[in-house]
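*Asks:* Mind having a look at this structure? Questions to follow.
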Protein chains: 2
Amino acid sequence: MHMTTLSNLRQDFVLHFGEMGSRWGINRTVGQIYAVLFLADEPLCADEIQEALGVSRSNVSMGLKELQAWRLVRLSHKPGDRRDWFTTPDDLWEIVRILVEERKKREIDPTLTKLRELEMAKPCASDAHAHARIAELRELIEMMTGFYDEMARLETERLVALMKMGRKLGKIVSGASVLSLKKA
Amino acid sequence: MHMTTLSNLRQDFVLHFGEMGSRWGINRTVGQIYAVLFLADEPLCADEIQEALGVSRSNVSMGLKELQAWRLVRLSHKPGDRRDWFTTPDDLWEIVRILVEERKKREIDPTLTKLRELEMAKPCASDAHAHARIAELRELIEMMTGFYDEMARLETERLVALMKMGRKLGKIVSGASVLSLKKA
DNA sequence: CATCTGTTTCAGAAATTTCTGAAACGACAG
DNA sequence: CTGTCGTTTCAGAAATTTCTGAAACAGATG
């Protein structure tokens, strides 16, 4: 590990993202690559990332590929330069949206599909409880993903407004529906 | 792998949870143990789980320990029986709350702490952009965890009401605050 | 078409995580 | 105290994941 080009601040940040990587379902190098790009003032090319992290060129290449699969880094070019230049989106909310969506796709959707499939099968008598439990779980997940879909619809400004509502959130659903609030 | 005691339905479910385990940040066996318990009609002891999954006794023990650390399984006893009997909470919403809280603890909180720490350090001139980016990220995470805290406060019934609001969600924040809605 | 610059692939090496059987441990009963 | 029944720990084995260097590839240029 060289990291000759990184300031202490950046280095510390990058190392942290590397460590957290495994908890986040990506590996250390991928986490570090993302961190470097996240802090970068301007687009970086693969060689600069390699230099900053001191890992092999192919490792950088694979990491970038994975980050592109996650849609977490973008690719651009400079005139008269064949290299790929990488950036993370400037807008943090966009990053959050992508992250949640991708995680949903990988961690939730396959299970939802499987649960629906299992519910189709006619349960043998002894499976009554299991069958009910699966149905219950499917309903819960559907409710939560439905809620997510609604939130994802909102423009960022409204999403922020919603999130900043704080204690008012409880008020809204304090009766049974928002309608009762309207009348009050 | 024997799984002699599991019906096809359960087996299929268990296998799926095993495969998803790695994406969820737990390992295959832990995922399978959880799945077996989730579907079980009544508490199971470690031996029954071992029998159902065909893995080693110690592996079951470690898996159960990890699930207990996640607070995803509970322990009970029967009179005149020394064995530990395990269950998952009946209430799925409780499971969701625990899951989100534990994931926040493991995946978010350490980073929030680190970001705050990094912000303390006086940035050298060249770190202006990085410093700003870190601050921006910290603010975003604080807003989201604040929102989460507010949601977590709600009793389940109200949480469900909120999640079922569907398109109304957009309406609430369509002006600037809920107050404008109240007056309407 | 040979060369130069850059990216990607891939098979094996290295590192990490997971799993196992054996032994240690603990609590209780006789 | 000793034997039984159960859980836990742990060091090494097995499996999986990650990483590397070398080779293949791609496309522009002279």
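Please note that chains go A, B, ... in the order of the structure tokens, that every chain numbers its residues from 1, and that ligands are numbered from 1 in the order shown.
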I need the residues of segment 20-157 of chain A that end up classed as strand (DSSP E) by DSSP on the backbone, written out as a ChimeraX atom specification.
*Replies:* /A:44-45,74-76,85-87
*Asks:* Output the selection as a short mmCIF file (atom, residue, chain, number, x, y, z; two decimals), in the first residue's frame - C-alpha atoms for each residue.
*Replies:*
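Written out: out-v4.cif:
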data_model
loop_
_atom_site.label_atom_id
_atom_site.label_comp_id
_atom_site.auth_asym_id
_atom_site.auth_seq_id
_atom_site.Cartn_x
_atom_site.Cartn_y
_atom_site.Cartn_z
CA LEU A 44 -9.87 9.84 -12.07
CA CYS A 45 -8.53 7.22 -14.41
CA ARG A 74 -19.92 6.96 -14.09
CA LEU A 75 -17.63 6.98 -17.03
CA SER A 76 -16.51 9.95 -19.06
CA TRP A 85 -12.33 8.67 -16.51
CA PHE A 86 -14.45 7.78 -13.53
CA THR A 87 -16.63 9.81 -11.18
#
*Asks:* Return the neighbours of chain B among the residues of chain A, cut-off 6 Å, counting only C-alpha atoms, as a PyMOL selection string.
*Replies:* chain A and resi 39+130+147+158+163+173+182
*Asks:* I'd like the contact shell of Asp84 of chain B - 12 Å cut-off, only C-alpha atoms (C1' of nucleotides), skipping same-chain residues fewer than 2 positions apart - returned as a count of residues only.
*Replies:* 24
*Asks:* Atom CA of Glu94 of chain A to atom CA of Ala69 of chain A: how many Å, to one decimal?
*Replies:*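 Pair atom CA of Glu94 of chain A / atom CA of Ala69 of chain A returns 15.6 Å.
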*Asks:* What is the atom C1' of DA23 of chain D-atom CA of Val60 of chain A distance in Å, reported with one decimal?
*Replies:* 17.6 Å
*Asks:* If the cut-off is 9 Å, can you tell me the residues of chain D near chain A, counting only C-alpha atoms (C1' of nucleotides)? I'd like them as number ranges by chain.
*Replies:* D: 18-21, 28
*Asks:* Would you output that residue set with C-alpha atoms (C1' of nucleotides), as a JSON list (two decimals), in the first residue's frame?
*Replies:*
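New file part25.json:
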[["chain", "number", "residue", "atom", "x", "y", "z"],
["D", 18, "DT", "C1'", -10.29, -11.87, -3.43],
["D", 19, "DC", "C1'", -6.12, -10.58, -5.72],
["D", 20, "DT", "C1'", -2.38, -10.83, -9.00],
["D", 21, "DG", "C1'", 0.57, -11.00, -13.19],
["D", 28, "DA", "C1'", -6.48, 4.25, -33.08]]
*Asks:* If the cut-off is 12 Å, can you tell me the residues of chain C near chain B, counting only C-alpha atoms (C1' of nucleotides)? I'd like them as a count of residues only.
*Replies:* 9
*Asks:* I need the residue nearest DC1 of chain D from this list: C:DA29, C:DA24, C:DC10, C:DC1. Use only C-alpha atoms (C1' of nucleotides) for the distance.
*Replies:*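 Once distances to DC1 of chain D are computed over only C-alpha atoms (C1' of nucleotides), the minimum belongs to C:DA29.
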*Asks:* Just how far from atom CA of Val14 of chain A is atom CA of Ala35 of chain A, in Å to one decimal?
*Replies:*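 Atom CA of Ala35 of chain A sits 5.1 Å away from atom CA of Val14 of chain A.
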*Asks:* Have a look at D:DG30, D:DC10, D:DT16, D:DA24 and name the one nearest to DT8 of chain C; count only C-alpha atoms (C1' of nucleotides).
*Replies:*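 Smallest separation from DT8 of chain C among the options: D:DA24.
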*Asks:* Per DSSP on the backbone, what are the alpha helix (DSSP H) residues of chain A, as an NGL selection string?
*Replies:* :A and (8-21 or 28-39 or 46-53 or 57-69 or 92-103 or 109-120 or 128-153 or 156-163 or 168-172 or 178-183)
